>>> print(open('query.txt').read())   # compact mmCIF, C-alpha atoms and all ligand atoms
# COMPACT_ATOMS: atom_id res chain seq x y z
CA MET A 1 -32.73 11.56 -30.79
CA SER A 2 -30.66 8.89 -29.05
CA SER A 3 -32.00 7.24 -25.95
CA SER A 4 -30.53 8.47 -22.67
CA ARG A 5 -30.72 4.98 -21.23
CA SER A 6 -27.32 3.42 -20.50
CA THR A 7 -26.48 -0.07 -21.75
CA MET A 8 -24.15 -0.96 -18.86
CA VAL A 9 -25.40 -3.39 -16.25
CA ILE A 10 -25.41 -2.15 -12.66
CA ALA A 11 -24.39 -4.57 -9.92
CA HIS A 12 -24.67 -2.40 -6.79
CA VAL A 13 -26.09 1.01 -5.92
CA PHE A 14 -25.31 2.69 -2.59
CA ARG A 15 -26.87 5.80 -1.10
CA GLY A 16 -25.29 7.78 1.72
CA THR A 17 -22.15 9.72 2.58
CA PHE A 18 -18.93 9.20 0.62
CA VAL A 19 -15.62 10.78 1.64
CA HIS A 20 -12.56 10.79 -0.59
CA SER A 21 -9.67 12.88 -1.88
CA THR A 22 -9.00 14.47 -5.22
CA GLN A 23 -5.96 16.08 -6.77
CA SER A 24 -7.16 19.51 -5.67
CA SER A 25 -8.79 18.65 -2.36
CA ALA A 26 -7.40 16.54 0.49
CA LEU A 27 -10.92 15.75 1.63
CA ASP A 28 -14.15 15.93 -0.27
CA VAL A 29 -17.38 15.00 1.53
CA LEU A 30 -20.22 13.87 -0.74
CA ASP A 31 -23.43 14.04 1.26
CA ASP A 32 -26.53 12.05 0.30
CA THR A 33 -24.89 10.61 -2.77
CA LEU A 34 -25.93 7.75 -5.01
CA LEU A 35 -23.05 5.68 -6.38
CA GLY A 36 -23.51 2.84 -8.87
CA VAL A 37 -21.05 0.05 -9.59
CA ASP A 38 -21.26 -1.94 -12.82
CA THR A 39 -20.76 -5.67 -13.28
CA LEU A 40 -17.09 -5.07 -14.19
CA GLY A 41 -16.55 -3.52 -10.73
CA LYS A 42 -16.19 0.01 -12.04
CA ILE A 43 -17.95 3.10 -10.76
CA ALA A 44 -20.72 3.66 -13.30
CA PHE A 45 -22.21 6.87 -11.94
CA ILE A 46 -22.12 9.26 -8.99
CA GLY A 47 -25.17 11.42 -8.50
CA ARG A 48 -27.35 13.19 -5.99
CA GLY A 49 -29.46 10.97 -3.75
CA THR A 50 -32.47 13.11 -4.59
CA ASP A 51 -31.97 12.24 -8.26
CA VAL A 52 -32.69 8.58 -7.59
CA ASP A 53 -35.71 8.28 -9.88
CA ARG A 54 -33.91 9.72 -12.89
CA LEU A 55 -30.82 7.56 -12.24
CA CYS A 56 -33.01 4.43 -11.87
CA GLU A 57 -34.50 5.15 -15.27
CA LYS A 58 -31.18 5.93 -16.91
CA TYR A 59 -29.20 2.98 -15.54
CA GLY A 60 -31.99 0.43 -15.36
CA PHE A 61 -32.08 -0.46 -11.66
CA HIS A 62 -34.92 -0.43 -9.15
CA VAL A 63 -35.18 1.78 -6.05
CA ARG A 64 -35.55 -1.33 -3.89
CA ASP A 65 -32.06 -2.44 -5.04
CA VAL A 66 -30.43 0.64 -3.52
CA THR A 67 -28.41 -0.07 -0.36
CA GLN A 68 -29.02 2.79 2.06
CA LEU A 69 -26.19 3.54 4.50
CA ARG A 70 -27.23 3.98 8.10
CA GLN A 71 -26.53 6.88 10.39
CA HIS A 72 -22.84 6.98 11.40
CA GLU A 73 -21.88 5.07 8.28
CA PHE A 74 -19.89 6.28 5.30
CA PHE A 75 -17.87 4.95 2.39
CA MET A 76 -14.22 5.85 1.91
CA PRO A 77 -11.67 4.57 -0.64
CA GLY A 78 -9.77 1.44 0.32
CA MET A 79 -6.35 2.05 1.83
CA VAL A 80 -3.12 1.39 -0.05
CA ASP A 81 -0.19 -0.18 1.80
CA THR A 82 2.75 0.81 -0.39
CA HIS A 83 5.29 -1.27 1.54
CA ILE A 84 4.78 -4.48 3.51
CA HIS A 85 6.87 -7.64 3.98
CA ALA A 86 4.34 -10.47 3.91
CA SER A 87 7.07 -12.89 4.94
CA GLN A 88 7.84 -10.98 8.14
CA TYR A 89 4.25 -11.08 9.37
CA SER A 90 4.99 -14.21 11.44
CA TYR A 91 6.97 -12.13 13.95
CA ALA A 92 5.05 -8.84 13.73
CA GLY A 93 4.81 -7.23 17.14
CA THR A 94 8.14 -8.58 18.35
CA ALA A 95 11.87 -8.12 17.74
CA LEU A 96 11.98 -4.33 17.79
CA ASP A 97 15.08 -3.88 19.93
CA LEU A 98 17.84 -3.64 17.31
CA PRO A 99 18.85 -1.13 14.65
CA LEU A 100 18.17 -2.05 11.01
CA LEU A 101 21.33 -3.87 9.93
CA GLN A 102 21.53 -6.00 13.09
CA TRP A 103 17.78 -6.50 13.02
CA LEU A 104 18.01 -7.95 9.50
CA ASN A 105 20.79 -10.37 10.43
CA THR A 106 19.34 -11.42 13.77
CA TYR A 107 15.60 -11.67 13.14
CA THR A 108 14.70 -11.20 9.50
CA PHE A 109 16.99 -13.38 7.42
CA PRO A 110 16.60 -16.52 9.59
CA VAL A 111 12.79 -16.22 9.35
CA GLU A 112 12.75 -15.43 5.62
CA ALA A 113 14.95 -18.47 4.98
CA ARG A 114 12.05 -20.66 6.21
CA TYR A 115 9.88 -19.86 3.19
CA LYS A 116 11.44 -22.72 1.26
CA ASP A 117 8.76 -24.61 3.19
CA LEU A 118 5.55 -24.00 1.27
CA GLU A 119 3.28 -25.06 4.11
CA PHE A 120 4.81 -22.45 6.39
CA ALA A 121 4.48 -19.92 3.56
CA ARG A 122 0.83 -20.82 3.00
CA LYS A 123 0.01 -20.38 6.67
CA VAL A 124 1.63 -16.96 7.05
CA TYR A 125 0.63 -15.59 3.65
CA THR A 126 -3.01 -16.56 4.18
CA GLN A 127 -3.04 -14.78 7.53
CA VAL A 128 -1.35 -11.61 6.30
CA VAL A 129 -3.73 -11.24 3.35
CA ARG A 130 -6.76 -11.82 5.59
CA ARG A 131 -5.50 -9.50 8.32
CA THR A 132 -4.65 -6.61 6.00
CA LEU A 133 -7.87 -6.93 3.99
CA ARG A 134 -10.01 -6.94 7.12
CA ASN A 135 -8.15 -3.81 8.26
CA GLY A 136 -9.05 -2.04 5.04
CA THR A 137 -5.96 -2.56 2.87
CA THR A 138 -7.47 -3.00 -0.58
CA THR A 139 -4.10 -2.66 -2.33
CA ALA A 140 -0.76 -3.92 -0.99
CA SER A 141 2.75 -3.87 -2.38
CA TYR A 142 4.29 -7.01 -0.92
CA PHE A 143 7.84 -8.22 -0.45
CA ALA A 144 7.94 -12.02 -0.23
CA THR A 145 11.33 -13.80 0.02
CA ILE A 146 13.93 -15.11 -2.44
CA HIS A 147 11.84 -18.28 -2.95
CA THR A 148 9.97 -18.26 -6.25
CA ASP A 149 7.36 -20.88 -5.44
CA ALA A 150 6.41 -19.31 -2.13
CA SER A 151 6.22 -15.90 -3.81
CA LEU A 152 3.91 -17.33 -6.47
CA LEU A 153 1.80 -18.76 -3.66
CA LEU A 154 1.45 -15.29 -2.14
CA GLY A 155 0.14 -14.05 -5.51
CA GLN A 156 -2.32 -16.94 -5.62
CA ILE A 157 -3.59 -16.24 -2.10
CA ALA A 158 -4.03 -12.50 -2.74
CA ASN A 159 -5.98 -13.40 -5.87
CA GLU A 160 -8.17 -15.90 -4.00
CA PHE A 161 -9.09 -13.34 -1.34
CA GLY A 162 -9.57 -10.62 -3.97
CA GLN A 163 -6.90 -8.19 -2.79
CA ARG A 164 -5.22 -5.92 -5.32
CA ALA A 165 -1.51 -6.61 -4.96
CA LEU A 166 1.95 -6.16 -6.29
CA VAL A 167 4.02 -9.19 -5.33
CA GLY A 168 7.81 -9.18 -5.32
CA LYS A 169 10.15 -12.12 -5.19
CA VAL A 170 13.08 -10.65 -3.28
CA CYS A 171 16.46 -10.55 -5.06
CA MET A 172 19.73 -10.58 -3.15
CA ASP A 173 23.15 -11.99 -4.05
CA ARG A 174 25.07 -10.46 -1.14
CA ASN A 175 24.48 -11.67 2.40
CA ASP A 176 27.12 -12.92 4.77
CA ALA A 177 24.92 -13.18 7.82
CA VAL A 178 22.75 -16.21 7.13
CA LYS A 179 24.32 -18.96 5.09
CA HIS A 180 21.63 -20.25 2.81
CA TYR A 181 19.69 -17.06 2.48
CA LYS A 182 21.11 -15.61 -0.70
CA GLU A 183 21.24 -16.39 -4.40
CA THR A 184 23.95 -16.42 -7.03
CA PRO A 185 23.45 -13.61 -9.56
CA GLU A 186 22.41 -16.20 -12.19
CA GLU A 187 19.88 -17.83 -9.87
CA SER A 188 18.43 -14.48 -8.96
CA LEU A 189 17.88 -13.51 -12.60
CA ASP A 190 16.60 -16.91 -13.72
CA GLU A 191 14.21 -17.15 -10.80
CA THR A 192 13.03 -13.56 -11.22
CA ASN A 193 12.24 -14.28 -14.86
CA ARG A 194 10.44 -17.49 -13.91
CA PHE A 195 8.50 -15.68 -11.18
CA ILE A 196 7.34 -12.94 -13.55
CA ARG A 197 6.45 -15.41 -16.31
CA GLU A 198 4.50 -17.80 -14.10
CA LEU A 199 2.68 -15.07 -12.20
CA LEU A 200 1.61 -13.37 -15.43
CA GLU A 201 0.53 -16.70 -16.95
CA ASN A 202 -2.03 -17.06 -14.19
CA LYS A 203 -3.76 -13.93 -15.49
CA TYR A 204 -4.92 -12.83 -12.04
CA PRO A 205 -6.90 -9.65 -12.70
CA LEU A 206 -5.59 -7.70 -9.68
CA VAL A 207 -2.18 -9.23 -8.90
CA MET A 208 0.99 -8.14 -10.68
CA PRO A 209 4.68 -8.92 -10.24
CA VAL A 210 7.07 -6.21 -9.03
CA VAL A 211 10.84 -6.32 -9.53
CA THR A 212 12.29 -6.37 -6.00
CA PRO A 213 15.98 -5.92 -5.28
CA ARG A 214 16.00 -6.07 -1.46
CA PHE A 215 18.18 -2.96 -1.21
CA ALA A 216 21.47 -1.83 -2.70
CA PRO A 217 23.71 -3.32 0.05
CA SER A 218 22.43 -6.84 -0.61
CA CYS A 219 22.77 -6.69 -4.42
CA SER A 220 25.85 -6.67 -6.65
CA PRO A 221 26.03 -3.93 -9.30
CA ALA A 222 25.62 -6.59 -12.01
CA LEU A 223 22.42 -7.90 -10.43
CA LEU A 224 21.01 -4.39 -10.06
CA SER A 225 21.71 -3.68 -13.76
CA HIS A 226 19.98 -6.85 -14.90
CA LEU A 227 16.97 -6.19 -12.70
CA GLY A 228 16.71 -2.71 -14.19
CA GLU A 229 16.65 -4.31 -17.65
CA ILE A 230 14.03 -6.87 -16.67
CA ALA A 231 11.76 -4.14 -15.31
CA GLN A 232 12.21 -2.02 -18.41
CA ASN A 233 11.66 -4.85 -20.90
CA ASN A 234 8.48 -6.01 -19.15
CA HIS A 235 7.15 -2.56 -18.15
CA LEU A 236 7.04 -3.66 -14.54
CA HIS A 237 6.88 -1.94 -11.20
CA ILE A 238 10.04 -1.78 -9.05
CA GLN A 239 10.27 -1.66 -5.26
CA SER A 240 13.16 -1.47 -2.84
CA HIS A 241 14.47 0.43 0.17
CA ILE A 242 16.48 3.65 0.36
CA SER A 243 18.13 5.80 3.04
CA GLU A 244 16.40 4.19 5.97
CA THR A 245 19.27 4.68 8.45
CA LYS A 246 22.48 6.70 8.48
CA GLU A 247 24.58 3.59 8.99
CA GLU A 248 23.08 2.06 5.85
CA VAL A 249 23.72 5.25 3.82
CA GLN A 250 27.36 5.06 4.89
CA MET A 251 27.54 1.40 3.88
CA VAL A 252 26.18 2.18 0.42
CA LYS A 253 28.78 4.90 0.02
CA GLU A 254 31.50 2.32 0.67
CA LEU A 255 29.99 -0.41 -1.51
CA PHE A 256 29.27 1.90 -4.46
CA PRO A 257 32.15 4.42 -4.46
CA ASP A 258 31.40 5.51 -8.03
CA SER A 259 27.91 6.72 -7.20
CA GLU A 260 27.23 10.26 -6.08
CA SER A 261 24.47 9.25 -3.68
CA TYR A 262 22.27 6.33 -2.62
CA THR A 263 19.64 7.52 -5.09
CA ASP A 264 22.29 7.68 -7.81
CA VAL A 265 23.00 3.94 -7.30
CA TYR A 266 19.43 3.08 -8.31
CA LEU A 267 19.35 5.72 -11.03
CA LYS A 268 22.55 4.35 -12.63
CA HIS A 269 21.02 0.87 -12.78
CA ASN A 270 17.74 2.04 -14.34
CA LEU A 271 15.80 1.25 -11.21
CA LEU A 272 14.36 4.72 -10.70
CA THR A 273 11.31 5.03 -12.94
CA ASP A 274 7.75 6.33 -12.71
CA LYS A 275 6.76 2.82 -11.56
CA THR A 276 9.32 2.70 -8.74
CA VAL A 277 8.42 2.89 -5.05
CA MET A 278 11.25 3.19 -2.53
CA ALA A 279 10.60 2.68 1.16
CA HIS A 280 11.70 5.14 3.86
CA GLY A 281 13.98 7.84 2.41
CA CYS A 282 14.46 9.32 5.90
CA HIS A 283 17.92 10.64 5.08
CA LEU A 284 17.57 11.68 1.44
CA SER A 285 19.06 15.04 0.47
CA ASP A 286 17.04 17.61 -1.44
CA GLU A 287 19.20 16.85 -4.51
CA GLU A 288 18.16 13.22 -4.27
CA LEU A 289 14.50 14.19 -3.91
CA LYS A 290 14.95 16.14 -7.13
CA LEU A 291 15.95 12.89 -8.87
CA PHE A 292 12.78 11.30 -7.52
CA ARG A 293 10.68 14.11 -8.95
CA GLU A 294 12.42 14.04 -12.31
CA THR A 295 12.04 10.29 -12.74
CA GLY A 296 8.54 10.09 -11.23
CA ALA A 297 9.70 7.61 -8.60
CA SER A 298 7.85 7.64 -5.28
CA ILE A 299 8.45 7.17 -1.57
CA ALA A 300 6.68 4.77 0.79
CA HIS A 301 6.63 6.48 4.17
CA CYS A 302 6.72 3.86 6.96
CA PRO A 303 6.65 5.80 10.22
CA ASN A 304 5.96 2.90 12.59
CA SER A 305 9.08 1.13 11.34
CA ASN A 306 11.15 4.33 11.35
CA ILE A 307 10.34 4.84 15.03
CA SER A 308 10.40 1.18 16.08
CA LEU A 309 13.90 0.59 14.69
CA CYS A 310 15.06 4.12 15.62
CA SER A 311 15.86 4.75 11.95
CA GLY A 312 14.89 8.41 11.60
CA PHE A 313 12.04 10.79 10.83
CA LEU A 314 10.97 11.47 7.28
CA ASP A 315 9.91 15.07 6.72
CA VAL A 316 6.82 14.34 4.63
CA ARG A 317 6.03 18.06 4.28
CA ASN A 318 9.38 18.63 2.59
CA VAL A 319 8.84 15.66 0.26
CA LEU A 320 5.39 16.94 -0.73
CA ASN A 321 6.68 20.49 -1.20
CA ARG A 322 9.22 19.05 -3.62
CA LYS A 323 6.44 17.40 -5.61
CA VAL A 324 7.59 13.84 -5.02
CA LYS A 325 4.81 11.23 -4.95
CA LEU A 326 4.36 9.68 -1.51
CA GLY A 327 2.22 6.91 -0.03
CA LEU A 328 2.12 5.23 3.37
CA GLY A 329 3.38 1.77 4.29
CA THR A 330 3.18 -0.46 7.35
CA ASP A 331 6.60 -2.06 6.67
CA VAL A 332 5.62 -5.12 8.66
CA ALA A 333 7.55 -6.34 10.65
CA GLY A 334 9.95 -3.42 11.16
CA GLY A 335 6.64 -1.69 11.68
CA TYR A 336 4.75 -3.77 14.23
CA SER A 337 1.21 -3.12 13.00
CA PRO A 338 -0.31 -4.49 9.79
CA SER A 339 -3.08 -1.86 9.92
CA MET A 340 -2.99 1.18 7.70
CA LEU A 341 -4.90 3.06 10.39
CA ASP A 342 -1.77 2.73 12.48
CA ALA A 343 0.29 4.07 9.57
CA VAL A 344 -2.05 7.08 9.45
CA ARG A 345 -1.63 7.73 13.19
CA LYS A 346 2.15 7.29 13.15
CA THR A 347 2.39 9.64 10.18
CA LEU A 348 0.55 12.29 12.17
CA ASP A 349 2.67 11.59 15.27
CA THR A 350 5.90 11.88 13.28
CA SER A 351 4.78 15.14 11.74
CA LYS A 352 3.93 16.47 15.20
CA ALA A 353 7.30 15.32 16.56
CA LEU A 354 8.95 17.37 13.81
CA THR A 355 6.86 20.36 14.85
CA ILE A 356 7.96 19.87 18.46
CA LYS A 357 11.56 19.97 17.26
CA ASP A 358 10.97 22.97 14.99
CA SER A 359 7.93 25.18 15.50
CA GLU A 360 8.24 26.44 11.91
CA HIS A 361 7.46 22.95 10.62
CA GLN A 362 4.01 22.85 9.07
CA THR A 363 2.25 19.88 10.69
CA LEU A 364 0.30 17.56 8.38
CA SER A 365 -3.47 17.66 8.84
CA PHE A 366 -5.53 14.48 9.23
CA GLN A 367 -7.17 15.29 5.91
CA GLU A 368 -3.79 15.33 4.18
CA VAL A 369 -2.78 12.04 5.79
CA PHE A 370 -6.12 10.51 4.77
CA ARG A 371 -5.25 11.43 1.20
CA LEU A 372 -1.78 9.86 1.54
CA ALA A 373 -3.33 6.60 2.77
CA THR A 374 -5.71 6.40 -0.20
CA LEU A 375 -5.17 8.45 -3.35
CA GLY A 376 -1.53 9.20 -2.46
CA GLY A 377 -0.76 5.49 -2.18
CA SER A 378 -2.37 4.71 -5.50
CA GLN A 379 -0.34 7.52 -7.09
CA ALA A 380 2.84 6.22 -5.47
CA LEU A 381 2.16 2.81 -7.06
CA SER A 382 1.14 4.41 -10.39
CA MET A 383 -2.31 2.87 -10.07
CA ASP A 384 -4.31 6.06 -9.73
CA GLU A 385 -5.86 5.61 -13.15
CA HIS A 386 -7.73 2.63 -11.72
CA THR A 387 -8.10 3.26 -8.00
CA GLY A 388 -7.57 5.69 -5.11
CA ASN A 389 -10.82 7.65 -5.03
CA PHE A 390 -14.41 7.73 -6.23
CA GLU A 391 -14.44 8.77 -9.87
CA VAL A 392 -16.62 7.39 -12.63
CA GLY A 393 -14.64 4.78 -14.58
CA LYS A 394 -12.35 3.82 -11.71
CA ASP A 395 -12.60 0.48 -9.92
CA PHE A 396 -14.77 0.53 -6.80
CA ASP A 397 -12.21 -0.11 -4.02
CA ALA A 398 -13.99 0.97 -0.88
CA LEU A 399 -14.53 0.56 2.84
CA ARG A 400 -17.99 0.76 4.37
CA VAL A 401 -17.21 2.32 7.72
CA ASN A 402 -19.63 2.15 10.65
CA LEU A 403 -18.54 4.30 13.59
CA ALA A 404 -21.39 2.99 15.72
CA ALA A 405 -20.47 -0.68 15.31
CA GLU A 406 -21.72 -2.76 18.21
CA GLU A 407 -18.91 -3.66 20.62
CA GLY A 408 -16.72 -1.32 18.60
CA PRO A 409 -13.91 0.85 19.97
CA VAL A 410 -15.59 4.23 19.36
CA ASP A 411 -18.34 5.92 21.38
CA ILE A 412 -20.68 8.29 19.61
CA PHE A 413 -22.72 10.73 21.71
CA GLN A 414 -24.84 12.51 19.16
CA ARG A 415 -25.46 12.76 15.46
CA GLU A 416 -22.08 13.75 14.04
CA GLU A 417 -20.94 15.37 10.82
CA PRO A 418 -19.03 13.13 8.36
CA LEU A 419 -15.85 15.10 9.06
CA VAL A 420 -16.05 14.18 12.75
CA LEU A 421 -16.85 10.56 11.95
CA LEU A 422 -13.83 10.31 9.66
CA GLU A 423 -11.45 11.90 12.15
CA LYS A 424 -12.69 9.61 14.93
CA PHE A 425 -12.33 6.58 12.67
CA LEU A 426 -8.78 7.49 11.69
CA ASN A 427 -7.74 8.09 15.31
CA LEU A 428 -9.86 5.61 17.27
CA GLY A 429 -11.29 3.08 14.85
CA ASP A 430 -10.23 -0.46 14.02
CA ASP A 431 -11.39 -3.41 11.94
CA ARG A 432 -14.62 -3.65 13.97
CA ASN A 433 -15.65 -0.38 12.33
CA ILE A 434 -15.00 -1.71 8.81
CA ALA A 435 -18.32 -3.36 8.02
CA GLU A 436 -17.49 -4.23 4.43
CA VAL A 437 -14.53 -4.06 2.08
CA TYR A 438 -14.89 -3.92 -1.70
CA VAL A 439 -12.11 -4.43 -4.24
CA ALA A 440 -12.95 -3.81 -7.89
CA GLY A 441 -16.64 -3.97 -7.00
CA ARG A 442 -16.42 -7.37 -5.30
CA ARG A 443 -17.26 -7.61 -1.62
CA VAL A 444 -14.23 -9.33 -0.05
CA VAL A 445 -14.95 -8.59 3.67
CA PRO A 446 -16.78 -10.13 5.50
CA PHE A 447 -15.00 -13.20 4.19
CA PRO A 448 -17.28 -15.53 2.24
CA GLY A 449 -18.43 -18.77 3.84
ZN ZN B 501 10.85 -2.80 4.22
>>> encode(input="query.txt", output="structure tokens")
Amino acid sequence: MSSSRSTMVIAHVFRGTFVHSTQSSALDVLDDTLLGVDTLGKIAFIGRGTDVDRLCEKYGFHVRDVTQLRQHEFFMPGMVDTHIHASQYSYAGTALDLPLLQWLNTYTFPVEARYKDLEFARKVYTQVVRRTLRNGTTTASYFATIHTDASLLLGQIANEFGQRALVGKVCMDRNDAVKHYKETPEESLDETNRFIRELLENKYPLVMPVVTPRFAPSCSPALLSHLGEIAQNNHLHIQSHISETKEEVQMVKELFPDSESYTDVYLKHNLLTDKTVMAHGCHLSDEELKLFRETGASIAHCPNSNISLCSGFLDVRNVLNRKVKLGLGTDVAGGYSPSMLDAVRKTLDTSKALTIKDSEHQTLSFQEVFRLATLGGSQALSMDEHTGNFEVGKDFDALRVNLAAEEGPVDIFQREEPLVLLEKFLNLGDDRNIAEVYVAGRRVVPFPG
């Protein structure tokens, strides 16, 4: 008879309440649960708290090594920001008075042009990684700028702080608004190839390059085609924007007269794959959503940005009904908040606004939006094999939430059920309630030292 004792080495064991989502359930509450993480950062076991003696024996740890969560504490999966412009963080919270195309020309391009300066880049990129991590973003899909060295620096900083990240050097060979902020097609391809090569050479365990055409209006058809090839040849993720505003949809129609739709532009250039995430999609037709489903491409819903720039409302219910993968994004700085909790709230607000407009609209529940912020985001980024919820074998990406944090923003009046604690956290909580953040089993918040 073989021994039942496991050979894996356990690094942490936690006992308490865990809340997460699964494919079949938007919210699963695991009461008095024991969860073990191995030295590789993966979830080694999930068992009943009352089974502690047997699990100690099987996995070779001692009861005194178990971390017991306190009352009003729970673990939830880390949140996934499927769309954020790290380079725009310097002006987050300002410049929200113009529609998209004017906003880009007036505020965005002049700021992004500054990232030639690596010291400026280091300052902003360090702050955005720290700020998002401390607010519970364990995975982020970042847009940087057209500058390769600054984009590589963003990858280095995410790696140093231990955040899981996709990092994109932005590609754009069309831009008449700001003189020096565009590339020639050759530069864009050469620098994209250099960016991918150098980032991969660093062998950061949690940071990967993502092919990033800014959006169709700022790229020539030739550049889009080449970027599609680069993504295909290197099996890389792709990110861009689509159908954010009606004016932009009209512009794409004029720039790409041979394409049947905005989605068709990306499809034709091999940029719509099962590793593609497109931000916004407020004005996509149902036919276009069908192309998303068929290719496995996903949508990053960025409701703060959609409201702040008066872009439109995405009907998330319709997208989900059409079986298109969808995650949430902050879209800093079109969205003014870097916190995924804000993305959760604005997603609920947008869904309720749609219900106000049409009482037949089926409002999203907070449980569903919780799933979109966690498992949904990891699915949208095709990372759900490794992260997104608590399953044995997945990486332990988790937030230790304490609703009763001293000096925190939430008042608790009695012993509450986990469901109540979660809803209060999503609606009222902030980083003061996030006691610890783990990415791939490593505690990254509080920051070391
Ligand atoms: Zn964006």
>>> residues_near_ligand(input="query.txt", ligand="ligand ZN 501 (chain B)", cutoff="7 Å", atoms="only C-alpha atoms and all ligand atoms", output="list in words")
His83, Ile84, His85, His241, Ala279 and Asp331 of chain A
>>> axis_aligned_box(input="query.txt", around="range 236-242 of chain A", padding_each_side="8 Å", output="JSON")
{"center_x": 11.7, "center_y": 0.0, "center_z": -7.1, "size_x": 25.6, "size_y": 23.3, "size_z": 30.9}
>>> residues_near_point(input="query.txt", point="(-15.6, 0.6, -4.4)", cutoff="7 Å", atoms="all atoms listed in the file", output="PyMOL selection string")
chain A and resi 77+395-398+438-441
>>> residues_around(input="query.txt", residues="range 143-159 of chain A", least_positions_apart="3", cutoff="7 Å", atoms="only C-alpha atoms", output="list in words")
Ile84, His85, Ala86, Ser87, Glu112, Tyr115, Lys116, Leu118, Ala121, Tyr125, Thr126, Val129, Gly162, Gln163, Ala165, Val167, Gly168, Lys169, Val170, Cys171, Glu191, Phe195, Leu199, Tyr204, Leu206 and Val207 of chain A
>>> closest_residue(input="query.txt", among="A:Leu403, A:Asp38, A:Gly429, A:Asn270", to="Glu417 in chain A", atoms="only C-alpha atoms")
A:Leu403
>>> residues_around(input="query.txt", residues="range 338-349 of chain A", least_positions_apart="2", cutoff="9 Å", atoms="only C-alpha atoms", output="ChimeraX atom specification")
/A:79-81,84,89,92,128,131-132,135-137,301-304,307,316,328-333,335-336,351-354,363-366,369-370,372-373,425-431
>>> closest_residue(input="query.txt", among="A:Pro99, A:Gly388, A:Met172, A:Val178", to="Glu244 in chain A", atoms="all atoms listed in the file")
A:Pro99
>>> atom_distance(input="query.txt", atom1="CA of Arg214 in chain A", atom2="CA of Ser90 in chain A")
18.8 Å
>>> atom_distance(input="query.txt", atom1="CA of Phe120 in chain A", atom2="CA of Ala140 in chain A")
20.7 Å
>>> closest_residue(input="query.txt", among="A:Gly228, A:Pro257, A:Gly60, A:Gly78", to="Thr7 in chain A", atoms="all atoms listed in the file")
A:Gly60
>>> closest_residue(input="query.txt", among="A:Arg194, A:Arg64, A:Lys58, A:Lys179", to="Val13 in chain A", atoms="all atoms listed in the file")
A:Arg64
>>> atom_distance(input="query.txt", atom1="CA of Gly93 in chain A", atom2="CA of Ser305 in chain A")
11.0 Å
>>> closest_residue(input="query.txt", among="A:Tyr91, A:Phe390, A:Phe413, A:Phe447", to="Ser21 in chain A", atoms="all atoms listed in the file")
A:Phe390
>>> closest_residue(input="query.txt", among="A:Gly47, A:Gly41, A:Gly296, A:Pro213", to="Arg15 in chain A", atoms="all atoms listed in the file")
A:Gly47
>>> residues_around(input="query.txt", residues="Leu291 in chain A", least_positions_apart="4", cutoff="12 Å", atoms="all atoms listed in the file", output="MDAnalysis selection string")
chainID A and resid 260:268 271:274 284:287 295:299 319 322:325
>>> residues_around(input="query.txt", residues="range 8-10 of chain A", least_positions_apart="3", cutoff="9 Å", atoms="all atoms listed in the file", output="MDAnalysis selection string")
chainID A and resid 13 36:40 44 59:61
>>> write_last_selection(input="query.txt", atoms="C-alpha atoms", output="PDB file, in the coordinates of the input")
ATOM      1  CA  VAL A  13     -26.090   1.010  -5.920  1.00  0.00           C
ATOM      2  CA  GLY A  36     -23.510   2.840  -8.870  1.00  0.00           C
ATOM      3  CA  VAL A  37     -21.050   0.050  -9.590  1.00  0.00           C
ATOM      4  CA  ASP A  38     -21.260  -1.940 -12.820  1.00  0.00           C
ATOM      5  CA  THR A  39     -20.760  -5.670 -13.280  1.00  0.00           C
ATOM      6  CA  LEU A  40     -17.090  -5.070 -14.190  1.00  0.00           C
ATOM      7  CA  ALA A  44     -20.720   3.660 -13.300  1.00  0.00           C
ATOM      8  CA  TYR A  59     -29.200   2.980 -15.540  1.00  0.00           C
ATOM      9  CA  GLY A  60     -31.990   0.430 -15.360  1.00  0.00           C
ATOM     10  CA  PHE A  61     -32.080  -0.460 -11.660  1.00  0.00           C
TER      11      PHE A  61
END
>>> residues_around(input="query.txt", residues="Thr245 in chain A", least_positions_apart="5", cutoff="9 Å", atoms="all atoms listed in the file", output="PyMOL selection string")
chain A and resi 99-101+250+280-283+306+310-312
